[in-house]
Each structure stands twice: as structure tokens, then as C-alpha cells.
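protein_7.cif (mmCIF, C-alpha atoms and all ligand atoms) appears below.
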data_final
#
loop_
_atom_site.label_atom_id
_atom_site.label_comp_id
_atom_site.auth_asym_id
_atom_site.auth_seq_id
_atom_site.Cartn_x
_atom_site.Cartn_y
_atom_site.Cartn_z
CA MET A 40 -22.27 -21.97 40.43
CA ARG A 41 -19.08 -21.53 38.39
CA THR A 42 -17.29 -24.38 36.77
CA THR A 43 -13.64 -24.92 37.34
CA PRO A 44 -11.79 -23.68 34.26
CA GLY A 45 -9.96 -26.32 32.35
CA ARG A 46 -11.80 -29.26 33.87
CA GLY A 47 -14.22 -29.67 30.99
CA THR A 48 -17.20 -30.00 33.36
CA THR A 49 -20.13 -27.74 32.66
CA GLN A 50 -22.96 -26.95 35.03
CA PRO A 51 -26.27 -25.62 33.72
CA THR A 52 -26.89 -22.14 35.10
CA GLY A 53 -29.45 -20.63 32.71
CA MET A 54 -31.45 -20.97 29.52
CA ASP A 55 -30.65 -19.71 26.08
CA GLU A 56 -33.27 -18.17 23.75
CA ARG A 57 -34.44 -21.67 22.73
CA GLY A 58 -34.85 -22.72 26.38
CA VAL A 59 -31.78 -24.96 26.26
CA PRO A 60 -29.77 -25.02 29.50
CA VAL A 61 -26.50 -23.10 29.12
CA SER A 62 -23.50 -23.43 31.38
CA THR A 63 -21.48 -20.50 32.71
CA GLU A 64 -18.46 -21.86 30.88
CA THR A 65 -20.38 -21.84 27.61
CA LEU A 66 -21.48 -18.27 28.27
CA ASP A 67 -17.92 -17.19 29.04
CA LEU A 68 -16.58 -18.83 25.92
CA GLU A 69 -19.36 -17.29 23.82
CA GLU A 70 -18.63 -13.87 25.27
CA LEU A 71 -14.91 -14.29 24.66
CA ARG A 72 -15.56 -15.45 21.12
CA HIS A 73 -17.72 -12.36 20.43
CA LYS A 74 -15.09 -10.10 21.91
CA ALA A 75 -12.34 -11.71 19.86
CA VAL A 76 -14.34 -11.43 16.64
CA ALA A 77 -15.22 -7.79 17.39
CA ALA A 78 -11.57 -6.97 18.14
CA ALA A 79 -10.38 -8.65 14.95
CA ARG A 80 -13.02 -6.94 12.83
CA PRO A 81 -11.41 -3.89 11.20
CA GLN A 82 -12.99 -0.49 11.81
CA ARG A 83 -14.36 0.64 8.48
CA GLU A 84 -12.41 3.56 7.10
CA GLU A 85 -13.37 5.61 4.10
CA GLY A 86 -11.09 5.25 1.11
CA LEU A 87 -10.81 3.60 -2.27
CA ILE A 88 -7.90 1.58 -0.90
CA VAL A 89 -8.01 0.61 2.75
CA CYS A 90 -5.36 -1.61 4.32
CA GLU A 91 -5.69 -2.29 8.02
CA ASN A 92 -3.21 -4.16 10.10
CA LEU A 93 -1.98 -5.96 7.01
CA VAL A 94 0.40 -8.85 7.62
CA ARG A 95 2.27 -10.92 5.03
CA ILE A 96 4.50 -13.70 6.20
CA TYR A 97 6.58 -15.64 3.68
CA ARG A 98 7.67 -19.11 4.64
CA ALA A 99 10.56 -20.55 2.71
CA GLU A 100 12.55 -23.64 3.75
CA GLY A 101 11.44 -23.35 7.38
CA VAL A 102 12.37 -19.66 7.62
CA GLU A 103 9.69 -17.03 8.19
CA VAL A 104 9.97 -13.49 6.84
CA GLN A 105 7.42 -10.94 8.03
CA ALA A 106 7.35 -8.70 4.99
CA LEU A 107 4.35 -6.67 6.22
CA GLN A 108 3.93 -6.26 9.96
CA GLY A 109 0.57 -4.62 10.55
CA LEU A 110 0.55 -2.04 7.78
CA ASP A 111 -2.20 0.60 7.72
CA LEU A 112 -2.79 2.66 4.59
CA THR A 113 -5.80 4.55 3.28
CA VAL A 114 -5.83 6.08 -0.19
CA ALA A 115 -8.75 8.26 -1.23
CA ASP A 116 -10.45 7.96 -4.59
CA GLY A 117 -8.53 10.09 -7.10
CA GLU A 118 -5.31 10.40 -5.07
CA LEU A 119 -1.78 9.94 -6.42
CA VAL A 120 0.43 8.43 -3.75
CA ALA A 121 4.08 7.44 -3.86
CA VAL A 122 5.31 4.63 -1.61
CA VAL A 123 9.00 4.77 -0.70
CA GLY A 124 11.21 2.75 1.62
CA ALA A 125 14.50 0.90 1.91
CA SER A 126 15.08 -2.31 0.01
CA GLY A 127 13.21 -5.13 1.72
CA SER A 128 10.81 -2.83 3.59
CA GLY A 129 7.76 -4.48 1.96
CA LYS A 130 6.84 -2.14 -0.90
CA SER A 131 6.55 -4.79 -3.63
CA THR A 132 4.75 -7.10 -1.23
CA LEU A 133 2.13 -4.41 -0.66
CA LEU A 134 1.71 -3.82 -4.38
CA GLY A 135 1.47 -7.56 -5.04
CA ILE A 136 -1.43 -7.73 -2.59
CA LEU A 137 -3.18 -4.64 -3.96
CA SER A 138 -2.88 -6.01 -7.48
CA GLY A 139 -4.60 -9.26 -6.47
CA GLN A 140 -1.55 -11.37 -7.36
CA ASP A 141 -0.82 -12.25 -3.75
CA THR A 142 -2.96 -12.66 -0.65
CA PRO A 143 -2.10 -11.33 2.80
CA THR A 144 -1.60 -13.64 5.77
CA ALA A 145 -3.83 -11.51 8.02
CA GLY A 146 -5.44 -8.11 8.36
CA ALA A 147 -7.87 -6.41 6.01
CA ALA A 148 -7.44 -5.00 2.52
CA ARG A 149 -10.25 -3.55 0.44
CA VAL A 150 -9.96 -1.91 -2.96
CA ALA A 151 -13.02 -0.37 -4.62
CA GLY A 152 -15.32 -2.54 -2.52
CA HIS A 153 -13.40 -5.80 -3.16
CA ASP A 154 -12.25 -7.67 -0.08
CA LEU A 155 -8.81 -8.87 -1.16
CA LEU A 156 -8.71 -11.63 1.46
CA ALA A 157 -12.04 -13.13 0.49
CA MET A 158 -11.93 -12.94 -3.33
CA ARG A 159 -12.60 -16.22 -5.13
CA ARG A 160 -10.92 -17.14 -8.41
CA ARG A 161 -13.43 -15.55 -10.75
CA GLU A 162 -13.69 -12.29 -8.81
CA ARG A 163 -9.90 -12.15 -8.62
CA ARG A 164 -9.61 -12.56 -12.38
CA ASP A 165 -12.17 -9.83 -13.04
CA TYR A 166 -10.53 -7.63 -10.40
CA ARG A 167 -7.17 -7.93 -12.15
CA ARG A 168 -8.66 -7.25 -15.55
CA GLN A 169 -10.94 -4.35 -14.70
CA VAL A 170 -10.29 -2.83 -11.29
CA VAL A 171 -6.50 -2.50 -11.23
CA GLY A 172 -3.91 -1.76 -13.88
CA PHE A 173 -0.23 -2.55 -13.35
CA VAL A 174 3.08 -1.17 -14.62
CA TRP A 175 6.28 -3.08 -13.86
CA GLN A 176 9.80 -1.74 -13.49
CA GLN A 177 11.21 -3.82 -16.32
CA THR A 178 10.16 -1.99 -19.46
CA ALA A 179 10.35 -5.25 -21.43
CA ARG A 180 7.85 -6.95 -19.08
CA ASN A 181 5.03 -4.50 -19.77
CA LEU A 182 4.65 -4.89 -23.53
CA LEU A 183 4.45 -7.77 -25.97
CA PRO A 184 7.44 -7.24 -28.29
CA TYR A 185 5.74 -8.48 -31.47
CA LEU A 186 2.79 -6.07 -31.17
CA THR A 187 2.83 -2.34 -31.95
CA ALA A 188 2.18 0.19 -29.18
CA ALA A 189 -1.45 0.60 -30.33
CA GLU A 190 -1.98 -3.18 -30.50
CA ASN A 191 -0.56 -3.54 -26.98
CA VAL A 192 -3.05 -0.97 -25.66
CA MET A 193 -5.91 -2.67 -27.53
CA LEU A 194 -5.10 -6.14 -26.18
CA PRO A 195 -6.60 -5.83 -22.64
CA MET A 196 -9.78 -4.39 -24.16
CA SER A 197 -10.19 -7.47 -26.34
CA TYR A 198 -10.51 -9.59 -23.13
CA LEU A 199 -13.60 -7.50 -22.33
CA LYS A 200 -14.88 -7.91 -25.89
CA VAL A 201 -14.77 -4.17 -26.66
CA PRO A 202 -15.55 -3.71 -30.41
CA ARG A 203 -12.46 -3.31 -32.57
CA GLY A 204 -13.19 0.27 -33.72
CA GLU A 205 -13.71 1.40 -30.14
CA ARG A 206 -10.51 -0.33 -29.05
CA ARG A 207 -8.47 1.43 -31.71
CA ALA A 208 -10.00 4.84 -30.95
CA ARG A 209 -9.32 4.49 -27.20
CA ALA A 210 -5.76 3.24 -27.80
CA GLU A 211 -4.99 6.27 -29.95
CA GLU A 212 -6.61 8.63 -27.47
CA LEU A 213 -4.56 7.20 -24.57
CA LEU A 214 -1.28 7.21 -26.49
CA ASP A 215 -1.90 10.87 -27.43
CA LEU A 216 -2.80 11.76 -23.85
CA LEU A 217 0.46 10.28 -22.57
CA GLY A 218 2.56 11.96 -25.26
CA VAL A 219 3.43 8.81 -27.23
CA GLY A 220 0.97 9.10 -30.12
CA HIS A 221 3.96 9.10 -32.48
CA CYS A 222 4.84 5.57 -31.30
CA ARG A 223 1.50 3.96 -32.20
CA HIS A 224 2.94 1.87 -35.06
CA ARG A 225 6.24 1.07 -33.32
CA ARG A 226 7.16 -2.16 -31.62
CA GLN A 227 8.90 -2.27 -28.27
CA GLY A 228 12.43 -2.45 -29.72
CA GLU A 229 11.77 0.73 -31.70
CA MET A 230 10.96 2.87 -28.64
CA SER A 231 13.10 4.45 -25.89
CA GLY A 232 12.73 3.18 -22.30
CA GLY A 233 10.66 6.25 -21.35
CA GLU A 234 8.38 5.83 -24.36
CA GLN A 235 7.90 2.14 -23.52
CA GLN A 236 6.88 3.02 -19.96
CA ARG A 237 4.40 5.65 -21.13
CA VAL A 238 2.90 3.09 -23.54
CA ALA A 239 2.80 0.67 -20.58
CA ILE A 240 0.78 3.24 -18.60
CA ALA A 241 -1.63 3.47 -21.56
CA VAL A 242 -1.96 -0.36 -21.54
CA SER A 243 -2.60 -0.40 -17.79
CA VAL A 244 -5.45 2.14 -17.99
CA ALA A 245 -7.02 0.76 -21.19
CA ASN A 246 -9.87 -0.99 -19.33
CA ARG A 247 -10.62 2.11 -17.21
CA PRO A 248 -9.37 0.65 -13.92
CA ARG A 249 -10.12 2.44 -10.66
CA VAL A 250 -6.51 2.01 -9.52
CA LEU A 251 -3.17 2.12 -11.31
CA LEU A 252 -0.31 0.39 -9.49
CA ALA A 253 3.25 1.02 -10.64
CA ASP A 254 6.25 -0.82 -9.17
CA GLU A 255 9.43 1.20 -9.73
CA PRO A 256 8.34 2.39 -13.18
CA THR A 257 11.36 4.71 -13.37
CA GLY A 258 13.87 2.19 -11.99
CA GLU A 259 15.64 1.68 -15.31
CA LEU A 260 15.46 5.32 -16.45
CA ASP A 261 17.55 8.48 -16.04
CA THR A 262 16.34 11.51 -14.07
CA THR A 263 14.88 13.47 -17.00
CA THR A 264 13.03 10.44 -18.33
CA SER A 265 11.81 9.63 -14.81
CA GLU A 266 10.25 13.09 -14.60
CA GLU A 267 8.43 12.37 -17.88
CA ILE A 268 7.03 9.17 -16.40
CA PHE A 269 5.83 10.97 -13.26
CA ALA A 270 4.27 13.63 -15.50
CA ALA A 271 2.47 10.85 -17.42
CA LEU A 272 1.23 9.30 -14.15
CA ARG A 273 -0.01 12.72 -12.98
CA ARG A 274 -1.74 13.17 -16.35
CA ALA A 275 -3.46 9.78 -16.14
CA ASN A 276 -4.50 10.64 -12.58
CA ALA A 277 -5.84 14.10 -13.43
CA GLU A 278 -7.39 13.41 -16.84
CA LEU A 279 -8.69 9.87 -16.37
CA GLY A 280 -9.46 10.09 -12.64
CA VAL A 281 -7.56 6.87 -11.94
CA THR A 282 -6.15 6.56 -8.42
CA VAL A 283 -2.39 5.96 -8.61
CA VAL A 284 -0.06 4.16 -6.19
CA VAL A 285 3.54 4.21 -7.33
CA VAL A 286 6.41 2.46 -5.55
CA THR A 287 9.74 4.10 -6.11
CA HIS A 288 13.32 4.47 -4.89
CA ASP A 289 13.48 7.91 -6.49
CA PRO A 290 14.70 10.25 -3.70
CA LEU A 291 13.12 13.26 -5.41
CA VAL A 292 9.67 11.70 -5.67
CA SER A 293 8.11 13.86 -2.96
CA GLU A 294 8.65 16.82 -5.31
CA GLN A 295 6.70 14.99 -8.01
CA VAL A 296 3.59 13.93 -6.09
CA GLY A 297 1.27 15.36 -3.44
CA ARG A 298 1.65 12.52 -0.93
CA THR A 299 4.62 10.27 -0.23
CA VAL A 300 4.23 7.40 2.23
CA ARG A 301 7.34 5.79 3.70
CA ILE A 302 7.31 2.13 4.69
CA ARG A 303 9.73 0.96 7.34
CA ASN A 304 9.94 -2.68 8.47
CA GLY A 305 6.63 -3.58 6.87
CA ARG A 306 4.65 -0.66 8.30
CA THR A 307 3.89 2.87 7.20
CA SER A 308 6.14 5.16 9.23
CA THR A 309 6.04 8.70 7.81
CA GLU A 310 4.19 10.71 5.19
CA VAL A 311 5.29 13.79 3.28
CA LEU A 312 2.48 16.02 2.08
CA ARG A 313 3.21 18.64 -0.55
CA ALA A 314 1.03 21.75 -0.76
CA ALA A 315 -0.39 22.07 -4.29
CA ASP A 316 -0.22 25.90 -4.28
CA THR A 317 3.17 26.64 -2.68
CA GLY A 318 4.93 23.31 -3.33
CA ASP A 319 6.10 23.29 0.32
CA SER A 320 6.53 19.82 1.82
CA THR A 321 5.81 18.79 5.41
CA GLU A 322 6.78 15.44 6.93
CA PHE A 323 4.44 13.71 9.39
CA ALA A 324 4.86 10.58 11.49
CA VAL A 325 2.02 8.14 10.86
CA LEU A 326 -0.14 7.25 13.85
CA ASP A 327 -1.91 3.92 13.44
CA ARG A 328 -5.40 3.25 14.75
CA HIS A 329 -3.97 1.90 18.01
CA GLY A 330 -2.03 5.13 18.56
CA ARG A 331 1.34 3.56 17.66
CA LEU A 332 3.99 5.51 15.79
CA GLN A 333 7.56 4.77 14.72
CA LEU A 334 10.23 7.19 15.88
CA PRO A 335 12.77 7.99 13.16
CA ARG A 336 15.96 6.02 13.73
CA GLU A 337 18.14 9.13 13.39
CA PHE A 338 16.23 10.69 16.33
CA THR A 339 16.41 7.63 18.57
CA GLU A 340 20.09 7.01 17.83
CA ARG A 341 20.99 10.64 18.49
CA LEU A 342 19.36 10.51 21.93
CA GLY A 343 20.40 6.94 22.75
CA ILE A 344 16.77 5.82 22.95
CA SER A 345 16.39 2.07 22.71
CA ARG A 346 13.64 0.38 24.71
CA ARG A 347 11.63 2.93 26.65
CA VAL A 348 10.75 6.61 26.53
CA ARG A 349 9.07 9.03 28.91
CA LEU A 350 5.94 10.66 27.56
CA ALA A 351 4.47 13.88 28.89
CA LEU A 352 1.34 15.62 27.76
CA GLU A 353 1.81 19.37 27.36
CA HIS A 354 -1.03 21.74 26.55
CA ASP A 355 -0.51 21.48 22.76
CA HIS A 356 2.01 18.68 22.22
CA ILE A 357 3.48 15.51 23.65
CA THR A 358 7.13 15.27 24.64
CA VAL A 359 9.08 12.06 24.15
CA ARG A 360 12.21 11.81 26.29
CA PRO A 361 14.85 9.14 26.88
CA ASP A 362 14.22 7.09 30.00
CA THR A 363 17.51 8.35 31.47
CA PRO A 364 18.17 12.11 31.44
CA GLN A 365 20.60 13.27 28.76
CA PRO A 366 22.92 16.23 29.29
CA GLY A 367 21.68 19.35 27.45
CA PRO A 368 23.77 20.84 24.64
CA ALA A 369 25.32 23.44 26.96
CA GLY A 370 25.84 20.92 29.75
CA ASP A 371 23.11 22.74 31.67
CA GLY A 372 21.43 19.59 32.90
CA THR A 373 18.31 20.01 30.77
CA THR A 374 17.12 16.87 29.06
CA GLY A 375 17.12 16.25 25.36
CA GLY A 376 13.63 15.76 23.95
CA MET A 377 11.48 15.76 20.92
CA PRO A 378 8.69 18.29 20.89
N1 LIG B 401 8.47 -14.84 -2.26
C1 LIG B 401 9.17 -14.52 -1.16
N2 LIG B 401 9.62 -15.50 -0.33
C2 LIG B 401 10.30 -15.21 0.80
N3 LIG B 401 10.60 -13.94 1.19
C3 LIG B 401 10.20 -12.92 0.39
C4 LIG B 401 9.47 -13.17 -0.82
N4 LIG B 401 9.21 -11.96 -1.40
C5 LIG B 401 9.73 -11.02 -0.59
N5 LIG B 401 10.33 -11.59 0.49
C6 LIG B 401 10.97 -10.89 1.61
O1 LIG B 401 10.03 -9.99 2.16
C7 LIG B 401 10.68 -8.76 2.52
C8 LIG B 401 9.99 -7.62 1.77
O2 LIG B 401 10.26 -7.77 0.37
P1 LIG B 401 9.72 -6.74 -0.72
O3 LIG B 401 10.13 -7.26 -2.07
O4 LIG B 401 8.30 -6.47 -0.50
O5 LIG B 401 10.56 -5.42 -0.36
P2 LIG B 401 10.75 -4.10 -1.21
O6 LIG B 401 10.60 -2.98 -0.25
O7 LIG B 401 9.88 -4.09 -2.40
O8 LIG B 401 12.28 -4.25 -1.65
P3 LIG B 401 13.02 -3.70 -2.98
O9 LIG B 401 12.99 -2.21 -2.88
O10 LIG B 401 14.39 -4.28 -2.86
O11 LIG B 401 12.25 -4.22 -4.16
C9 LIG B 401 12.13 -8.93 2.19
O12 LIG B 401 12.81 -9.32 3.36
C10 LIG B 401 12.15 -10.05 1.16
O13 LIG B 401 13.36 -10.78 1.24
#

Show me this structure written as C-alpha cells.
Ligand SMILES: Nc1ncnc2c1ncn2[C@@H]1O[C@H](COP(=O)(O)OP(=O)(O)OP(=O)(O)O)[C@@H](O)[C@H]1O
Amino acid sequence: MRTTPGRGTTQPTGMDERGVPVSTETLDLEELRHKAVAAARPQREEGLIVCENLVRIYRAEGVEVQALQGLDLTVADGELVAVVGASGSGKSTLLGILSGQDTPTAGAARVAGHDLLAMRRRERRDYRRQVVGFVWQQTARNLLPYLTAAENVMLPMSYLKVPRGERRARAEELLDLLGVGHCRHRRQGEMSGGEQQRVAIAVSVANRPRVLLADEPTGELDTTTSEEIFAALRRANAELGVTVVVVTHDPLVSEQVGRTVRIRNGRTSTEVLRAADTGDSTEFAVLDRHGRLQLPREFTERLGISRRVRLALEHDHITVRPDTPQPGPAGDGTTGGMP
């Protein structure tokens, strides 16, 4: 006998494993609860960094801003990935979450086995000291002005109580690796912007983090100096094995790194992969785990696509067409489409 939904009356219809009578309504609710939990549970994906359906909503003075709207991103151990996107697309928000400075509103984010939504204070502190390193855009923000370059690199190691001799040796090794060994005795004001950023990279990797996060590290630099910074990031990635995620506005970045991920409206939309041997780049649309993809605005505007499209499965591709037929280029009545 079923209960009437919403009435609050429950009729015993069976026994649970302890022999306690269970109503149909209880069973239904239990089942629904299990289903909801299973649906919300992210599918485990391999990767050093795994973001699934990441949402970050800011609330300020009664106004809500959805900075991340279900972002998926997987970065393998040892990768160097650039994140690009228009201003306000959510790049810094993503980096703030990955660095452990901010927590997402919903979704899942794991970095090197740390669940970024569940971290308590102590784990978060250790995570920020040892698992991730950070380089900011503002050169002045990365270094303490009254310390020399070598002292700046040694500082994070002192938090982990690394012996002084070891600290000095590693600082010198890192500064040499990044091409700024000549700056070891200089203070911030005695170095160029590019040198300061390379010292900042040395500081960020001093404690051997698994991940290096850089937010617009070339934002205040000219093109040549920017290339030096990307070369330093590639060096840190190749020689130290640190996984690098760099947010940038630099339009030429896809020539500097193997993988460039574009964020649009708080979600990953496209990726450019660059072949290591030929240097050829190919752009892909990103398909999320629900099969959703974002069509490039220039395509949809060109074909007047706004709310709906027609999909057709061909033997080796899918066509996406406007819901109303468009005249072909030669006025031949064929429809415009996107193979
Ligand atoms: N603390 C905050 N409070 C309210 N809204 C915020 C806050 N931080 C960011 N936002 C909003 O969230 C959205 C994403 O911001 P975010 O800084 O992540 O973008 P971005 O892609 O890094 O932009 P930019 O390239 O200009 O730095 C924007 O609409 C921004 O106004």
C-alpha cells in the first residue's frame, strides 16, 4: 500500500535489516537520497589536478556573480598548461581555488590527493607551504624588498626548518637554473622586472611543490622579457618536474606552451595543443563529462544560431546546423553547417 505523497503519513510495508518496519515513503526517500548522492559524487579522473563541475559564486551587497559555472579541468602530473580567457572569465578565481586561498561553492577540486573543498585549517596551511607555489603578476608582490634574491628564496625553506647550509645551496642552485644567479646578492629594487619574476619563480619552487601556479606573471613585462619568463617556467617544469598552470592574457602563449586552455564564462571552452616535434597547433572544443560543449561565438553569430541547433550523426562526424535553413553561399539552397 502506497502512501499519499506530501501527506506525511507513513504505512509500514516491510522490514529493514534490523527488522524495523519501513514505510514505502521511507524507502522512496532513501532511494532518492542514494541516487542524489551518487549523481553528485564526481567520477574519479586521473590527473594531478582534477576540477569537476567547479562552481564559485561571489555574493556582494545582495548581488551574485557566478565566476565559475561548472568548470572541468584535468592537468596531468608534469604538464605545463596555460589558461587564457577574456577579462572576468574566471581565470584568477580558478587559480585562487587551486592555490588554497579560496574555496569553491560547489563541485570537486583535487590537487595531489588533497580535496580542496574538505581541507581543514592545518592541511590548508601545509598545502600552501608545500604542495603549491605561487607567482603573482605584480613583481613587487612576490619578493620582500629588504631581502636579497637568495634570502627571498631561502625564506620559504626556513618555515620547513631546512638547515641553513642546505637552504643557501638550494637557493643558489635555483637562481642559477633560472638564469638569475648573478642577482643573488641584489634586492628587489636592483633587479629588472624580468629578473624579479624569475627570482619569484625560484621562491615559488623552493619547497619542491608539486604544482606551480602563476597569475599573469608576464602582465607587467614587454614581449622579449615575457618570452624569458615562459622559458624559465618551461625550465622549472622540465628540470624540476613541477606541474605548471599559468594564467595569461598573452595572445602568443600557445606558441610558448604545449597546451592552452581557454575559459569562457566560467567554463573551459577550447584547448589548443601544440605538437612538440613540428610546433603545429590544433584547436579543439572541450567536451565536458555530460557531453556539453560551447560553440565559438564567431561561429554562432555568423550562422545566426541563438537558442537551438539541429544535430545529425554522420559516419565520422556530427553536423550542427541552425534550426532554420540558411541560404548557401551561392544561393543554392544548401544549408550552412559546421562539420
Ligand atoms: N571577490 C569578489 N567579489 C565579487 N565578485 C568577484 C570577486 N572576485 C571576482 N569577482 C567576479 O568574478 C568574475 C570572474 O573574475 P576573475 O577575477 O576570476 O576573472 P579573470 O578572468 O581573472 O579576469 P582578469 O583577466 O580581468 O583578471 C568577474 O565577473 C569578477 O567581477

Write as an NGL selection string the residues around ligand LIG 401 (chain B), taking 8 Å as the cut-off and counting all atoms listed in the file.
:A and (96-99 or 103-107 or 123-133 or 287-288 or 302 or 305)

For CA of Ala253 in chain A and CA of Thr317 in chain A, quote the distance in Å rounded to one decimal.
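Between these atoms lies a distance of 26.8 Å.
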
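Each of A:Leu68, A:Val174, A:Leu252, A:Ile240 was compared to Val150 in chain A using only C-alpha atoms, and A:Leu252 turns out to be the nearest.
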
List the spatial neighbours of Ser293 in chain A as a PDB file with C-alpha atoms, in the coordinates of the input - criterion: any atom at most 9 Å away, only C-alpha atoms, same-chain residues fewer than 6 positions off excluded.
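After the write, selection-v2.pdb holds the following:
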ATOM      1  CA  ALA A 121       4.080   7.440  -3.860  1.00  0.00           C
ATOM      2  CA  THR A 299       4.620  10.270  -0.230  1.00  0.00           C
ATOM      3  CA  VAL A 311       5.290  13.790   3.280  1.00  0.00           C
ATOM      4  CA  LEU A 312       2.480  16.020   2.080  1.00  0.00           C
ATOM      5  CA  ARG A 313       3.210  18.640  -0.550  1.00  0.00           C
ATOM      6  CA  SER A 320       6.530  19.820   1.820  1.00  0.00           C
TER       7      SER A 320
END

In Å, rounded to a single decimal, give me how far CA of Asn181 in chain A is from CA of Val284 in chain A.
16.9 Å

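Computed from the coordinates, the CA of Gln177 in chain A to CA of Thr262 in chain A distance equals 16.3 Å.
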
Since the input is missing atoms for range 173-197 of chain A, could you rebuild it with N, CA and C atoms and give the result as an mmCIF file, in the coordinates of the input?
data_model
loop_
_atom_site.group_PDB
_atom_site.id
_atom_site.type_symbol
_atom_site.label_atom_id
_atom_site.label_comp_id
_atom_site.auth_asym_id
_atom_site.auth_seq_id
_atom_site.Cartn_x
_atom_site.Cartn_y
_atom_site.Cartn_z
ATOM 1 N N PHE A 173 -1.558 -2.374 -13.955
ATOM 2 C CA PHE A 173 -0.230 -2.550 -13.350
ATOM 3 C C PHE A 173 0.869 -2.170 -14.332
ATOM 4 N N VAL A 174 1.876 -1.467 -13.824
ATOM 5 C CA VAL A 174 3.080 -1.170 -14.620
ATOM 6 C C VAL A 174 4.284 -1.682 -13.843
ATOM 7 N N TRP A 175 5.094 -2.507 -14.494
ATOM 8 C CA TRP A 175 6.280 -3.080 -13.860
ATOM 9 C C TRP A 175 7.506 -2.206 -14.112
ATOM 10 N N GLN A 176 8.541 -2.468 -13.303
ATOM 11 C CA GLN A 176 9.800 -1.740 -13.490
ATOM 12 C C GLN A 176 10.460 -2.083 -14.809
ATOM 13 N N GLN A 177 10.504 -3.392 -15.113
ATOM 14 C CA GLN A 177 11.210 -3.820 -16.320
ATOM 15 C C GLN A 177 10.380 -3.445 -17.530
ATOM 16 N N THR A 178 10.909 -2.486 -18.307
ATOM 17 C CA THR A 178 10.160 -1.990 -19.460
ATOM 18 C C THR A 178 9.729 -3.145 -20.362
ATOM 19 N N ALA A 179 10.626 -4.144 -20.513
ATOM 20 C CA ALA A 179 10.350 -5.250 -21.430
ATOM 21 C C ALA A 179 9.179 -6.117 -20.955
ATOM 22 N N ARG A 180 8.882 -6.077 -19.639
ATOM 23 C CA ARG A 180 7.850 -6.950 -19.080
ATOM 24 C C ARG A 180 6.432 -6.415 -19.331
ATOM 25 N N ASN A 181 6.356 -5.125 -19.655
ATOM 26 C CA ASN A 181 5.030 -4.500 -19.770
ATOM 27 C C ASN A 181 4.373 -4.654 -21.129
ATOM 28 N N LEU A 182 5.198 -4.883 -22.164
ATOM 29 C CA LEU A 182 4.650 -4.890 -23.530
ATOM 30 C C LEU A 182 5.003 -6.195 -24.235
ATOM 31 N N LEU A 183 4.121 -6.608 -25.143
ATOM 32 C CA LEU A 183 4.450 -7.770 -25.970
ATOM 33 C C LEU A 183 5.281 -7.267 -27.149
ATOM 34 N N PRO A 184 6.483 -7.826 -27.336
ATOM 35 C CA PRO A 184 7.440 -7.240 -28.290
ATOM 36 C C PRO A 184 6.996 -7.331 -29.749
ATOM 37 N N TYR A 185 6.121 -8.303 -30.058
ATOM 38 C CA TYR A 185 5.740 -8.480 -31.470
ATOM 39 C C TYR A 185 4.501 -7.672 -31.832
ATOM 40 N N LEU A 186 3.944 -6.927 -30.864
ATOM 41 C CA LEU A 186 2.790 -6.070 -31.170
ATOM 42 C C LEU A 186 3.237 -4.611 -31.197
ATOM 43 N N THR A 187 2.534 -3.781 -31.974
ATOM 44 C CA THR A 187 2.830 -2.340 -31.950
ATOM 45 C C THR A 187 2.283 -1.758 -30.659
ATOM 46 N N ALA A 188 2.656 -0.483 -30.405
ATOM 47 C CA ALA A 188 2.180 0.190 -29.180
ATOM 48 C C ALA A 188 0.649 0.183 -29.166
ATOM 49 N N ALA A 189 0.026 0.540 -30.288
ATOM 50 C CA ALA A 189 -1.450 0.600 -30.330
ATOM 51 C C ALA A 189 -2.051 -0.783 -30.086
ATOM 52 N N GLU A 190 -1.449 -1.816 -30.689
ATOM 53 C CA GLU A 190 -1.980 -3.180 -30.500
ATOM 54 C C GLU A 190 -1.852 -3.626 -29.042
ATOM 55 N N ASN A 191 -0.728 -3.212 -28.403
ATOM 56 C CA ASN A 191 -0.560 -3.540 -26.980
ATOM 57 C C ASN A 191 -1.658 -2.923 -26.140
ATOM 58 N N VAL A 192 -2.014 -1.657 -26.445
ATOM 59 C CA VAL A 192 -3.050 -0.970 -25.660
ATOM 60 C C VAL A 192 -4.420 -1.600 -25.942
ATOM 61 N N MET A 193 -4.614 -2.078 -27.175
ATOM 62 C CA MET A 193 -5.910 -2.670 -27.530
ATOM 63 C C MET A 193 -6.120 -4.052 -26.887
ATOM 64 N N LEU A 194 -5.000 -4.743 -26.635
ATOM 65 C CA LEU A 194 -5.100 -6.140 -26.180
ATOM 66 C C LEU A 194 -5.978 -6.337 -24.927
ATOM 67 N N PRO A 195 -5.748 -5.577 -23.829
ATOM 68 C CA PRO A 195 -6.600 -5.830 -22.640
ATOM 69 C C PRO A 195 -8.085 -5.578 -22.915
ATOM 70 N N MET A 196 -8.374 -4.674 -23.858
ATOM 71 C CA MET A 196 -9.780 -4.390 -24.160
ATOM 72 C C MET A 196 -10.433 -5.559 -24.891
ATOM 73 N N SER A 197 -9.619 -6.329 -25.613
ATOM 74 C CA SER A 197 -10.190 -7.470 -26.340
ATOM 75 C C SER A 197 -10.682 -8.541 -25.353
#
